[in-house]
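The structure file upload.pdb is reproduced below (PDB, C-alpha atoms and all ligand atoms).
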ATOM      1  CA  GLN A   1     101.408 237.248  67.495
ATOM      2  CA  ASN A   2     102.393 239.200  64.428
ATOM      3  CA  SER A   3     100.498 238.948  61.165
ATOM      4  CA  LEU A   4     101.893 236.940  58.314
ATOM      5  CA  ILE A   5     100.125 239.048  55.755
ATOM      6  CA  ASP A   6      98.384 242.341  56.318
ATOM      7  CA  VAL A   7      96.107 243.807  53.660
ATOM      8  CA  GLN A   8      95.061 247.430  54.096
ATOM      9  CA  ASN A   9      92.488 249.251  51.944
ATOM     10  CA  LEU A  10      93.113 247.104  48.912
ATOM     11  CA  ARG A  11      91.622 248.540  45.753
ATOM     12  CA  VAL A  12      91.762 246.944  42.299
ATOM     13  CA  SER A  13      90.284 248.654  39.272
ATOM     14  CA  PHE A  14      90.157 248.361  35.515
ATOM     15  CA  LEU A  15      89.748 251.031  32.870
ATOM     16  CA  ASP A  16      86.601 250.801  30.796
ATOM     17  CA  ALA A  17      86.433 253.339  27.972
ATOM     18  CA  GLY A  18      88.505 255.783  29.997
ATOM     19  CA  THR A  19      86.498 255.322  33.208
ATOM     20  CA  GLU A  20      88.068 253.593  36.153
ATOM     21  CA  ILE A  21      85.822 250.771  37.377
ATOM     22  CA  PRO A  22      86.738 249.517  40.846
ATOM     23  CA  VAL A  23      86.236 245.760  41.217
ATOM     24  CA  VAL A  24      87.771 245.442  44.678
ATOM     25  CA  GLN A  25      87.500 248.260  47.194
ATOM     26  CA  GLU A  26      87.725 248.830  50.954
ATOM     27  CA  VAL A  27      89.181 245.380  51.597
ATOM     28  CA  SER A  28      91.367 244.965  54.687
ATOM     29  CA  PHE A  29      92.304 241.815  56.569
ATOM     30  CA  SER A  30      95.247 240.004  58.072
ATOM     31  CA  VAL A  31      96.264 236.406  58.664
ATOM     32  CA  LYS A  32      98.472 235.082  61.437
ATOM     33  CA  PRO A  33     100.700 232.004  61.238
ATOM     34  CA  GLY A  34      98.610 228.867  61.734
ATOM     35  CA  GLU A  35      95.347 230.708  61.109
ATOM     36  CA  VAL A  36      92.716 229.893  58.470
ATOM     37  CA  LEU A  37      90.923 232.910  57.012
ATOM     38  CA  CYS A  38      87.987 232.120  54.752
ATOM     39  CA  ILE A  39      87.030 234.725  52.174
ATOM     40  CA  VAL A  40      83.440 234.059  51.198
ATOM     41  CA  GLY A  41      80.984 235.494  48.702
ATOM     42  CA  GLU A  42      79.152 234.784  45.467
ATOM     43  CA  SER A  43      81.065 234.232  42.288
ATOM     44  CA  GLY A  44      82.039 237.647  40.891
ATOM     45  CA  CYS A  45      82.274 239.346  44.302
ATOM     46  CA  GLY A  46      86.011 240.035  43.932
ATOM     47  CA  LYS A  47      87.384 237.242  46.104
ATOM     48  CA  SER A  48      89.510 235.693  43.360
ATOM     49  CA  LEU A  49      90.898 239.090  42.316
ATOM     50  CA  THR A  50      91.795 239.689  45.948
ATOM     51  CA  SER A  51      93.774 236.457  46.031
ATOM     52  CA  LEU A  52      95.447 237.112  42.686
ATOM     53  CA  SER A  53      96.589 240.510  43.923
ATOM     54  CA  MET A  54      98.381 238.810  46.834
ATOM     55  CA  MET A  55     100.231 236.633  44.336
ATOM     56  CA  GLY A  56     101.052 239.472  41.933
ATOM     57  CA  LEU A  57      99.035 237.628  39.291
ATOM     58  CA  LEU A  58      96.506 240.306  38.328
ATOM     59  CA  PRO A  59      96.214 241.099  34.618
ATOM     60  CA  SER A  60      98.606 243.899  33.673
ATOM     61  CA  SER A  61      95.684 246.228  32.905
ATOM     62  CA  ALA A  62      94.651 246.193  36.578
ATOM     63  CA  ARG A  63      95.406 249.219  38.740
ATOM     64  CA  THR A  64      95.912 248.725  42.425
ATOM     65  CA  SER A  65      96.240 250.823  45.528
ATOM     66  CA  GLY A  66      96.459 250.198  49.237
ATOM     67  CA  GLU A  67      98.937 247.861  50.838
ATOM     68  CA  ILE A  68      99.620 244.144  51.035
ATOM     69  CA  LYS A  69     102.336 243.787  53.657
ATOM     70  CA  PHE A  70     104.243 240.519  53.691
ATOM     71  CA  ASN A  71     107.667 240.119  55.310
ATOM     72  CA  GLY A  72     108.006 243.873  55.598
ATOM     73  CA  ALA A  73     107.446 244.525  51.886
ATOM     74  CA  ASN A  74     104.360 245.845  50.093
ATOM     75  CA  LEU A  75     103.599 243.141  47.512
ATOM     76  CA  LEU A  76     101.745 245.671  45.358
ATOM     77  CA  LYS A  77     105.014 247.549  44.828
ATOM     78  CA  LEU A  78     107.333 244.653  43.991
ATOM     79  CA  ASP A  79     108.425 243.890  40.431
ATOM     80  CA  GLN A  80     107.662 240.598  38.687
ATOM     81  CA  GLU A  81     111.064 239.112  39.468
ATOM     82  CA  GLU A  82     110.725 239.738  43.216
ATOM     83  CA  LEU A  83     107.152 238.439  43.180
ATOM     84  CA  ARG A  84     108.233 235.267  41.389
ATOM     85  CA  LYS A  85     110.688 234.565  44.186
ATOM     86  CA  ILE A  86     107.996 234.982  46.840
ATOM     87  CA  ARG A  87     105.524 232.864  44.876
ATOM     88  CA  GLY A  88     107.946 230.035  44.427
ATOM     89  CA  ASN A  89     108.993 230.146  48.013
ATOM     90  CA  GLN A  90     106.838 231.730  50.657
ATOM     91  CA  ILE A  91     103.348 232.018  49.248
ATOM     92  CA  SER A  92     101.763 229.120  47.369
ATOM     93  CA  MET A  93      98.435 228.988  45.642
ATOM     94  CA  ILE A  94      96.129 226.149  44.655
ATOM     95  CA  PHE A  95      93.252 226.571  42.256
ATOM     96  CA  GLN A  96      89.894 224.978  41.629
ATOM     97  CA  GLU A  97      90.777 222.911  38.575
ATOM     98  CA  PRO A  98      94.165 221.247  38.914
ATOM     99  CA  MET A  99      94.056 220.085  35.278
ATOM    100  CA  THR A 100      94.727 223.657  34.186
ATOM    101  CA  SER A 101      97.655 224.097  36.571
ATOM    102  CA  LEU A 102      99.300 220.713  36.037
ATOM    103  CA  ASN A 103     101.174 220.300  32.798
ATOM    104  CA  PRO A 104      99.652 217.405  30.811
ATOM    105  CA  VAL A 105     102.898 216.500  29.024
ATOM    106  CA  PHE A 106     105.073 215.914  32.107
ATOM    107  CA  THR A 107     104.840 213.199  34.721
ATOM    108  CA  VAL A 108     103.705 213.948  38.249
ATOM    109  CA  GLY A 109     107.222 213.209  39.466
ATOM    110  CA  PHE A 110     108.845 215.650  37.052
ATOM    111  CA  GLN A 111     106.463 218.451  38.055
ATOM    112  CA  LEU A 112     106.853 217.779  41.731
ATOM    113  CA  MET A 113     110.641 217.605  41.597
ATOM    114  CA  GLU A 114     111.056 220.776  39.561
ATOM    115  CA  PRO A 115     110.403 223.295  42.377
ATOM    116  CA  LEU A 116     112.627 221.245  44.685
ATOM    117  CA  LEU A 117     115.479 221.312  42.196
ATOM    118  CA  ILE A 118     115.071 225.003  41.407
ATOM    119  CA  HIS A 119     113.937 226.693  44.617
ATOM    120  CA  ARG A 120     115.356 224.409  47.237
ATOM    121  CA  ARG A 121     118.458 223.451  45.249
ATOM    122  CA  CYS A 122     118.047 219.785  46.133
ATOM    123  CA  SER A 123     120.091 217.148  44.303
ATOM    124  CA  LYS A 124     118.117 214.871  42.004
ATOM    125  CA  LYS A 125     118.163 212.087  44.529
ATOM    126  CA  GLU A 126     117.038 214.349  47.381
ATOM    127  CA  ALA A 127     114.294 215.824  45.187
ATOM    128  CA  TYR A 128     113.033 212.330  44.350
ATOM    129  CA  GLN A 129     112.954 211.284  48.011
ATOM    130  CA  GLU A 130     111.259 214.508  49.040
ATOM    131  CA  ALA A 131     108.669 214.229  46.251
ATOM    132  CA  ILE A 132     107.777 210.708  47.398
ATOM    133  CA  GLN A 133     107.458 211.992  50.935
ATOM    134  CA  LEU A 134     105.234 214.885  49.852
ATOM    135  CA  LEU A 135     102.912 212.533  47.977
ATOM    136  CA  ALA A 136     102.662 210.321  51.035
ATOM    137  CA  GLN A 137     102.034 213.384  53.194
ATOM    138  CA  VAL A 138      99.018 214.384  51.098
ATOM    139  CA  GLY A 139      97.634 210.866  51.398
ATOM    140  CA  ILE A 140      98.555 209.388  48.027
ATOM    141  CA  SER A 141      99.242 205.674  48.274
ATOM    142  CA  ASP A 142     101.843 203.976  46.103
ATOM    143  CA  PRO A 143     103.727 207.239  45.506
ATOM    144  CA  GLN A 144     106.521 205.555  43.493
ATOM    145  CA  LYS A 145     103.984 204.506  40.887
ATOM    146  CA  ARG A 146     102.260 207.917  40.853
ATOM    147  CA  MET A 147     105.579 209.659  40.190
ATOM    148  CA  GLU A 148     105.724 207.955  36.779
ATOM    149  CA  GLN A 149     102.131 208.822  35.819
ATOM    150  CA  TYR A 150     100.732 211.733  33.830
ATOM    151  CA  PRO A 151      97.994 214.027  35.231
ATOM    152  CA  HIS A 152      95.250 212.508  33.017
ATOM    153  CA  GLU A 153      95.908 209.099  34.578
ATOM    154  CA  LEU A 154      94.840 210.388  38.001
ATOM    155  CA  SER A 155      91.371 211.030  39.427
ATOM    156  CA  GLY A 156      90.244 214.614  40.148
ATOM    157  CA  GLY A 157      90.773 214.173  43.867
ATOM    158  CA  MET A 158      94.250 212.781  43.341
ATOM    159  CA  ARG A 159      95.210 215.636  40.993
ATOM    160  CA  GLN A 160      94.115 218.109  43.651
ATOM    161  CA  ARG A 161      96.309 216.271  46.171
ATOM    162  CA  VAL A 162      99.230 216.484  43.752
ATOM    163  CA  MET A 163      98.602 220.238  43.428
ATOM    164  CA  ILE A 164      98.675 220.568  47.201
ATOM    165  CA  ALA A 165     101.901 218.542  47.330
ATOM    166  CA  MET A 166     103.399 220.922  44.745
ATOM    167  CA  ALA A 167     102.220 223.928  46.738
ATOM    168  CA  LEU A 168     103.852 222.493  49.847
ATOM    169  CA  ALA A 169     107.098 221.597  48.103
ATOM    170  CA  CYS A 170     108.465 225.071  48.752
ATOM    171  CA  GLN A 171     107.379 225.006  52.418
ATOM    172  CA  PRO A 172     105.209 228.119  52.118
ATOM    173  CA  LYS A 173     104.412 230.378  55.046
ATOM    174  CA  LEU A 174     101.078 231.159  53.431
ATOM    175  CA  LEU A 175      98.842 228.920  51.350
ATOM    176  CA  ILE A 176      96.131 230.567  49.261
ATOM    177  CA  ALA A 177      93.493 228.105  48.088
ATOM    178  CA  ASP A 178      90.880 229.415  45.639
ATOM    179  CA  GLU A 179      87.817 227.138  45.644
ATOM    180  CA  PRO A 180      90.134 224.120  45.938
ATOM    181  CA  THR A 181      87.341 221.580  46.360
ATOM    182  CA  THR A 182      84.485 222.973  44.283
ATOM    183  CA  ALA A 183      85.007 220.543  41.402
ATOM    184  CA  LEU A 184      85.218 217.513  43.680
ATOM    185  CA  ASP A 185      82.527 215.276  45.139
ATOM    186  CA  VAL A 186      81.513 215.734  48.750
ATOM    187  CA  THR A 187      83.601 212.904  50.227
ATOM    188  CA  ILE A 188      86.802 213.935  48.442
ATOM    189  CA  GLN A 189      86.061 217.555  49.284
ATOM    190  CA  ALA A 190      85.966 216.719  52.999
ATOM    191  CA  GLN A 191      89.231 214.769  52.705
ATOM    192  CA  ILE A 192      91.023 217.627  50.949
ATOM    193  CA  LEU A 193      89.829 220.168  53.535
ATOM    194  CA  ASP A 194      90.941 217.864  56.372
ATOM    195  CA  LEU A 195      94.288 217.531  54.650
ATOM    196  CA  ILE A 196      94.750 221.304  54.410
ATOM    197  CA  LEU A 197      93.913 221.664  58.125
ATOM    198  CA  LYS A 198      96.280 218.866  59.076
ATOM    199  CA  LEU A 199      99.105 220.426  57.064
ATOM    200  CA  ARG A 200      98.351 223.750  58.736
ATOM    201  CA  ASP A 201      98.702 222.025  62.133
ATOM    202  CA  ASP A 202     101.931 220.286  61.093
ATOM    203  CA  THR A 203     103.674 223.252  59.481
ATOM    204  CA  GLY A 204     102.100 226.310  61.131
ATOM    205  CA  MET A 205     101.451 227.898  57.752
ATOM    206  CA  GLY A 206      98.684 230.478  57.421
ATOM    207  CA  VAL A 207      95.847 229.625  55.039
ATOM    208  CA  ILE A 208      93.531 231.833  53.014
ATOM    209  CA  LEU A 209      90.666 229.734  51.736
ATOM    210  CA  ILE A 210      88.397 231.256  49.131
ATOM    211  CA  THR A 211      84.947 229.740  48.839
ATOM    212  CA  HIS A 212      81.297 230.426  48.102
ATOM    213  CA  ASP A 213      80.201 227.637  50.445
ATOM    214  CA  MET A 214      79.277 228.489  54.039
ATOM    215  CA  GLY A 215      79.454 224.771  54.854
ATOM    216  CA  VAL A 216      83.161 224.812  53.971
ATOM    217  CA  VAL A 217      83.602 227.966  56.048
ATOM    218  CA  ALA A 218      81.969 226.333  59.075
ATOM    219  CA  GLU A 219      84.329 223.366  58.854
ATOM    220  CA  THR A 220      87.602 225.183  58.306
ATOM    221  CA  ALA A 221      87.694 228.864  59.282
ATOM    222  CA  ASP A 222      89.195 230.572  62.291
ATOM    223  CA  ARG A 223      88.219 233.951  60.860
ATOM    224  CA  VAL A 224      85.830 234.878  58.073
ATOM    225  CA  LEU A 225      85.735 237.787  55.634
ATOM    226  CA  VAL A 226      82.490 238.219  53.707
ATOM    227  CA  MET A 227      82.742 240.074  50.399
ATOM    228  CA  TYR A 228      79.953 241.596  48.360
ATOM    229  CA  ALA A 229      80.337 243.485  45.081
ATOM    230  CA  GLY A 230      84.086 243.868  45.597
ATOM    231  CA  LYS A 231      83.848 245.105  49.184
ATOM    232  CA  ALA A 232      84.452 243.584  52.578
ATOM    233  CA  VAL A 233      81.051 243.755  54.248
ATOM    234  CA  GLU A 234      81.632 241.708  57.398
ATOM    235  CA  GLU A 235      84.599 240.193  59.181
ATOM    236  CA  GLY A 236      84.988 238.307  62.421
ATOM    237  CA  ASP A 237      85.943 235.057  64.089
ATOM    238  CA  VAL A 238      83.921 232.097  62.901
ATOM    239  CA  GLU A 239      81.816 231.603  66.066
ATOM    240  CA  THR A 240      80.829 235.258  66.220
ATOM    241  CA  LEU A 241      80.006 235.407  62.543
ATOM    242  CA  PHE A 242      77.853 232.272  62.581
ATOM    243  CA  ASN A 243      76.150 233.003  65.895
ATOM    244  CA  HIS A 244      75.727 236.768  65.567
ATOM    245  CA  PRO A 245      75.818 237.676  61.865
ATOM    246  CA  LYS A 246      75.093 241.383  61.471
ATOM    247  CA  HIS A 247      75.103 242.138  57.763
ATOM    248  CA  PRO A 248      71.867 241.243  55.945
ATOM    249  CA  TYR A 249      73.950 239.647  53.186
ATOM    250  CA  THR A 250      75.807 237.376  55.629
ATOM    251  CA  ARG A 251      72.488 236.401  57.193
ATOM    252  CA  GLY A 252      71.245 235.472  53.734
ATOM    253  CA  LEU A 253      74.357 233.408  53.037
ATOM    254  CA  LEU A 254      73.883 231.540  56.296
ATOM    255  CA  ARG A 255      70.279 230.755  55.450
ATOM    256  CA  SER A 256      71.568 229.211  52.223
ATOM    257  CA  VAL A 257      73.729 226.541  53.842
ATOM    258  CA  PRO A 258      72.517 223.494  51.953
ATOM    259  CA  ASN A 259      71.030 220.395  53.542
ATOM    260  CA  VAL A 260      73.390 217.443  53.560
ATOM    261  CA  ASP A 261      71.286 215.638  50.986
ATOM    262  CA  GLU A 262      70.957 218.664  48.746
ATOM    263  CA  GLU A 263      73.542 218.702  45.976
ATOM    264  CA  GLU A 264      73.178 222.261  44.783
ATOM    265  CA  TYR A 265      74.180 225.294  46.759
ATOM    266  CA  GLN A 266      71.595 227.982  46.339
ATOM    267  CA  LEU A 267      71.214 231.594  47.305
ATOM    268  CA  GLU A 268      67.420 231.457  47.121
ATOM    269  CA  SER A 269      67.054 233.311  50.361
ATOM    270  CA  ILE A 270      68.532 236.464  48.807
ATOM    271  CA  PRO A 271      66.492 237.517  45.793
ATOM    272  CA  GLY A 272      68.179 239.401  42.962
ATOM    273  CA  SER A 273      71.773 239.111  41.790
ATOM    274  CA  LEU A 274      75.187 240.643  42.285
ATOM    275  CA  PRO A 275      75.404 244.086  40.602
ATOM    276  CA  LYS A 276      77.829 244.547  37.700
ATOM    277  CA  PRO A 277      81.078 246.249  38.790
ATOM    278  CA  GLY A 278      80.659 250.008  38.614
ATOM    279  CA  SER A 279      76.891 249.873  38.161
ATOM    280  CA  ILE A 280      76.099 251.040  41.690
ATOM    281  CA  ARG A 281      77.944 254.283  42.154
ATOM    282  CA  GLN A 282      76.560 255.396  45.463
ATOM    283  CA  GLY A 283      74.994 254.031  48.562
ATOM    284  CA  CYS A 284      75.283 250.495  49.833
ATOM    285  CA  PRO A 285      75.967 248.051  46.987
ATOM    286  CA  PHE A 286      73.562 245.587  48.605
ATOM    287  CA  HIS A 287      70.597 247.989  48.794
ATOM    288  CA  PRO A 288      68.690 246.669  45.746
ATOM    289  CA  ARG A 289      68.532 243.220  47.373
ATOM    290  CA  CYS A 290      68.297 244.207  51.013
ATOM    291  CA  SER A 291      64.988 243.732  52.818
ATOM    292  CA  GLU A 292      66.160 246.104  55.556
ATOM    293  CA  ALA A 293      67.312 248.971  53.345
ATOM    294  CA  MET A 294      66.595 252.493  54.598
ATOM    295  CA  ASP A 295      66.522 255.751  52.619
ATOM    296  CA  ARG A 296      70.123 256.615  53.384
ATOM    297  CA  CYS A 297      71.293 253.184  52.085
ATOM    298  CA  VAL A 298      70.493 254.368  48.553
ATOM    299  CA  THR A 299      72.707 257.441  48.761
ATOM    300  CA  GLU A 300      75.326 256.933  51.471
ATOM    301  CA  PHE A 301      78.045 254.301  51.375
ATOM    302  CA  PRO A 302      77.990 252.643  54.810
ATOM    303  CA  GLY A 303      80.927 253.075  57.163
ATOM    304  CA  GLU A 304      82.608 250.333  59.165
ATOM    305  CA  PHE A 305      81.049 249.534  62.515
ATOM    306  CA  VAL A 306      83.110 247.480  64.923
ATOM    307  CA  TYR A 307      81.459 245.275  67.543
ATOM    308  CA  GLU A 308      83.184 243.255  70.268
ATOM    309  CA  LYS A 309      86.202 241.100  69.394
ATOM    310  CA  GLY A 310      86.998 243.045  66.240
ATOM    311  CA  HIS A 311      83.761 241.974  64.546
ATOM    312  CA  MET A 312      83.438 244.465  61.663
ATOM    313  CA  VAL A 313      80.267 245.198  59.737
ATOM    314  CA  ARG A 314      79.818 247.605  56.850
ATOM    315  CA  CYS A 315      76.108 248.321  57.148
ATOM    316  CA  TRP A 316      74.125 251.284  58.431
ATOM    317  CA  LEU A 317      72.221 249.007  60.813
ATOM    318  CA  GLY A 318      75.437 248.884  62.837
ATOM    319  CA  GLU A 319      75.165 252.544  63.675
ATOM    320  CA  LYS A 320      72.226 252.041  66.039
ATOM    321  CA  GLU A 321      74.032 249.213  67.804
ATOM    322  CA  VAL A 322      77.616 250.407  67.947
ATOM    323  CA  GLY A 323      77.342 254.133  67.565
ATOM    324  CA  CYS A 324      80.220 255.676  65.705
ATOM    325  CA  SER A 325      81.654 254.624  62.395
ATOM    326  CA  HIS A 326      85.361 253.801  62.162
ATOM    327  CA  GLU A 327      86.303 255.408  58.868
TER     328      GLU A 327
HETATM  329 FE1  LIG B   1      70.933 246.824  53.852
HETATM  330 FE2  LIG B   1      71.388 249.406  54.269
HETATM  331 FE3  LIG B   1      72.810 247.613  55.572
HETATM  332 FE4  LIG B   1      73.188 247.983  52.986
HETATM  333  S1  LIG B   1      73.582 249.469  54.604
HETATM  334  S2  LIG B   1      73.021 246.037  54.004
HETATM  335  S3  LIG B   1      71.118 248.388  52.294
HETATM  336  S4  LIG B   1      70.599 247.959  55.738
HETATM  337 MG    MG B   2      86.525 232.739  41.605
END
What does this structure look like when you write it as structure tokens?
Amino acid sequence: QNSLIDVQNLRVSFLDAGTEIPVVQEVSFSVKPGEVLCIVGESGCGKSLTSLSMMGLLPSSARTSGEIKFNGANLLKLDQEELRKIRGNQISMIFQEPMTSLNPVFTVGFQLMEPLLIHRRCSKKEAYQEAIQLLAQVGISDPQKRMEQYPHELSGGMRQRVMIAMALACQPKLLIADEPTTALDVTIQAQILDLILKLRDDTGMGVILITHDMGVVAETADRVLVMYAGKAVEEGDVETLFNHPKHPYTRGLLRSVPNVDEEEYQLESIPGSLPKPGSIRQGCPFHPRCSEAMDRCVTEFPGEFVYEKGHMVRCWLGEKEVGCSHE
């Protein structure tokens, strides 16, 4: 089956006092219709910038290279007008805090009907019916009443459901969800993730789910991309990645899956912290924290090593096991 979106060698950088600082580099992945790809890593690893680049929503000071192929076009080369059309229509995004994306001065109904009136050219009556149906689809009871309410009158979980309903209003082929459940309690979080998976089953849309939580990955992903310091360090299907993690960073992340009764997610098993963008100019960006680092890790940027079933690892340890690097 063909890919819905195909990202090749994505690079995003910013200028700092005349020096170009790459914040995303060597990132490639693709998503097929009906597939859930989880992009995972610590906050600051470049996963949100990766998703913003797919939506054409990077700050204007960002420089990009590489390719994001969607429907035969390279999204990195389209102008704002063309990107707006794709955003309103074929790619939808939901964010962590729906309060910032919902407009506080308009009712839920108004905000939900707007994309239907504009993008799908529904009549007012059709838009109303469809909005009610969307609210029911995302599990909101008494949708007629909710249509008349303002965002602040809803609970956090309900606002996130409204956001998902809005994202679905344009019947997207691809849904990008950036930490969509982080602000919610565990029960609501599970409901929202189930909802996204159910909608994926119903509509066949592809989903890119961005998270720092390996528990969320385990529950939702078909494929997983692990990012560290702006780079893709491991990628594979979810069973392979959980059962045979190769990169020391991924292994650390997996050791940090919290107990069910533990509220806080912690990365205790990996001492140290994410380097500042641009601060590590050579070698493996993980070497200061890696318990398995070798001499060459300090000076040589690791190549990609590909195991069975397309399982990719960017770590010198792969060389002994796989042999040649695919760069
Ligand atoms: Fe550790 Fe070296 Fe692999 Fe980087 S390349 S993760 S430093 S072993
Ligand atoms: Mg983020």
* Asked: Within 9 Å of Leu78 in chain A, counting all atoms listed in the file, which residues qualify if same-chain residues fewer than 5 places away don't, as a PyMOL selection string?
  -> chain A and resi 56+73+83
Can you sort out the box for range 176-183 of chain A, edges along x, y and z, all listed atoms in, 5 Å on every side, with centre and edge lengths in Å to one decimal, as AutoDock Vina command-line options?
--center_x 90.3 --center_y 225.6 --center_z 45.3 --size_x 21.6 --size_y 20.0 --size_z 17.9
* To do: Tell me, in Å to one decimal, how far CA of Thr64 in chain A is from CA of Asp79 in chain A.
  => 13.6 Å
Name the residues, by chain letter and number, that sit within 6 Å of ligand LIG 1 (chain B) using all atoms listed in the file, and give them as a CSV table (one decimal) with C-alpha atoms, keeping the file's coordinate frame.
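Heads up, here's the output in part38.csv:
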chain,number,residue,atom,x,y,z
A,247,HIS,CA,75.1,242.1,57.8
A,248,PRO,CA,71.9,241.2,55.9
A,284,CYS,CA,75.3,250.5,49.8
A,286,PHE,CA,73.6,245.6,48.6
A,287,HIS,CA,70.6,248.0,48.8
A,290,CYS,CA,68.3,244.2,51.0
A,292,GLU,CA,66.2,246.1,55.6
A,293,ALA,CA,67.3,249.0,53.3
A,294,MET,CA,66.6,252.5,54.6
A,297,CYS,CA,71.3,253.2,52.1
A,302,PRO,CA,78.0,252.6,54.8
A,315,CYS,CA,76.1,248.3,57.1
A,316,TRP,CA,74.1,251.3,58.4
A,317,LEU,CA,72.2,249.0,60.8
* Asked: Near Glu20 in chain A, within 10 Å and counting only C-alpha atoms, which residues show up once chain neighbours fewer than 5 positions away are dropped, as a ChimeraX atom specification?
  -> /A:12-15,62-63,278
Contacts between range 167-171 of chain A and range 177-278 of chain A, please, where a residue of range 177-278 of chain A counts if it comes within 12 Å (with only C-alpha atoms); show its shortest atom pair and distance in Å to one decimal, rows by chain and ascending number, as JSON lines.
{"residue": "A:Ala177", "atom": "CA", "partner": "A:Ala167", "partner_atom": "CA", "distance": 9.8}
{"residue": "A:Leu195", "atom": "CA", "partner": "A:Leu168", "partner_atom": "CA", "distance": 11.8}
{"residue": "A:Ile196", "atom": "CA", "partner": "A:Leu168", "partner_atom": "CA", "distance": 10.3}
{"residue": "A:Leu199", "atom": "CA", "partner": "A:Leu168", "partner_atom": "CA", "distance": 8.9}
{"residue": "A:Arg200", "atom": "CA", "partner": "A:Leu168", "partner_atom": "CA", "distance": 10.5}
{"residue": "A:Asp202", "atom": "CA", "partner": "A:Gln171", "partner_atom": "CA", "distance": 11.3}
{"residue": "A:Thr203", "atom": "CA", "partner": "A:Gln171", "partner_atom": "CA", "distance": 8.2}
{"residue": "A:Gly204", "atom": "CA", "partner": "A:Gln171", "partner_atom": "CA", "distance": 10.3}
{"residue": "A:Met205", "atom": "CA", "partner": "A:Gln171", "partner_atom": "CA", "distance": 8.5}
{"residue": "A:Gly206", "atom": "CA", "partner": "A:Gln171", "partner_atom": "CA", "distance": 11.4}
{"residue": "A:Val207", "atom": "CA", "partner": "A:Leu168", "partner_atom": "CA", "distance": 11.9}
* Surroundings of ligand MG 2 (chain B) up to 9 Å, based on all atoms listed in the file, as a PyMOL selection string -> chain A and resi 42-49+96+178-179+210-212
Would you output that residue set with C-alpha atoms, as a PDB file, keeping the file's coordinate frame?
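Written out: result.pdb:
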ATOM      1  CA  GLU A  42      79.152 234.784  45.467  1.00  0.00           C
ATOM      2  CA  SER A  43      81.065 234.232  42.288  1.00  0.00           C
ATOM      3  CA  GLY A  44      82.039 237.647  40.891  1.00  0.00           C
ATOM      4  CA  CYS A  45      82.274 239.346  44.302  1.00  0.00           C
ATOM      5  CA  GLY A  46      86.011 240.035  43.932  1.00  0.00           C
ATOM      6  CA  LYS A  47      87.384 237.242  46.104  1.00  0.00           C
ATOM      7  CA  SER A  48      89.510 235.693  43.360  1.00  0.00           C
ATOM      8  CA  LEU A  49      90.898 239.090  42.316  1.00  0.00           C
ATOM      9  CA  GLN A  96      89.894 224.978  41.629  1.00  0.00           C
ATOM     10  CA  ASP A 178      90.880 229.415  45.639  1.00  0.00           C
ATOM     11  CA  GLU A 179      87.817 227.138  45.644  1.00  0.00           C
ATOM     12  CA  ILE A 210      88.397 231.256  49.131  1.00  0.00           C
ATOM     13  CA  THR A 211      84.947 229.740  48.839  1.00  0.00           C
ATOM     14  CA  HIS A 212      81.297 230.426  48.102  1.00  0.00           C
TER      15      HIS A 212
END
* If we count only C-alpha atoms, what is near Ile118 in chain A at a cut-off of 10 Å, once residues fewer than 4 positions away on the same chain are taken out, given as an NGL selection string? -> :A and (88 or 113-114 or 122-123 or 127 or 170)
* Written as a PyMOL selection string, which residues does the PyMOL selection byres (((chain A and resi 228) around 8) and not hetatm) give for the file shown? -> chain A and resi 41-42+45-46+226-227+229-233+249+274+285-286
I need every residue sitting at most 8 Å from the point (86.4, 238.1, 63.3) (coordinates as in the file, all atoms listed in the file considered), written as a PDB file with C-alpha atoms, keeping the file's coordinate frame.
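So the final result, stored in part.pdb, reads:
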ATOM      1  CA  ARG A 223      88.219 233.951  60.860  1.00  0.00           C
ATOM      2  CA  VAL A 224      85.830 234.878  58.073  1.00  0.00           C
ATOM      3  CA  LEU A 225      85.735 237.787  55.634  1.00  0.00           C
ATOM      4  CA  GLU A 235      84.599 240.193  59.181  1.00  0.00           C
ATOM      5  CA  GLY A 236      84.988 238.307  62.421  1.00  0.00           C
ATOM      6  CA  ASP A 237      85.943 235.057  64.089  1.00  0.00           C
ATOM      7  CA  VAL A 238      83.921 232.097  62.901  1.00  0.00           C
ATOM      8  CA  THR A 240      80.829 235.258  66.220  1.00  0.00           C
ATOM      9  CA  LEU A 241      80.006 235.407  62.543  1.00  0.00           C
ATOM     10  CA  LYS A 309      86.202 241.100  69.394  1.00  0.00           C
ATOM     11  CA  GLY A 310      86.998 243.045  66.240  1.00  0.00           C
ATOM     12  CA  HIS A 311      83.761 241.974  64.546  1.00  0.00           C
ATOM     13  CA  MET A 312      83.438 244.465  61.663  1.00  0.00           C
TER      14      MET A 312
END
* Structure fact -> Of A:Phe106, A:Met163, A:Ile68, A:Gly215, the one sitting nearest Val186 in chain A when using all atoms listed in the file is A:Gly215
* In Å, rounded to a single decimal, give me how far CA of Leu75 in chain A is from CA of Val40 in chain A. => 22.4 Å
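All residues that come within 12 Å of the coordinates (76.3, 248.2, 64.9), counting all atoms listed in the file, are given as Glu234, His244, Pro245, Lys246, His247, Pro302, Gly303, Glu304, Phe305, Val306, Tyr307, Glu308, Gly310, His311, Met312, Val313, Arg314, Cys315, Trp316, Leu317, Gly318, Glu319, Lys320, Glu321, Val322, Gly323, Cys324, Ser325 and His326 of chain A.
Coordinates place CA of Asp194 in chain A at a distance of 12.3 Å from CA of Val36 in chain A.
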* To do: For Thr182 in chain A, work out the shell of residues within 12 Å, counting all atoms listed in the file and skipping chain neighbours fewer than 5 positions away, then give it as a ChimeraX atom specification.
  => /A:43,95-98,156-157,160,177,187-190,192-193,209-213,215-216,263-265
* **Target residues per the PyMOL selection byres (((chain A and resi 145-152) around 7) and not hetatm), formatted as a PyMOL selection string** => chain A and resi 102+104+106-109+142-144+153-154+159
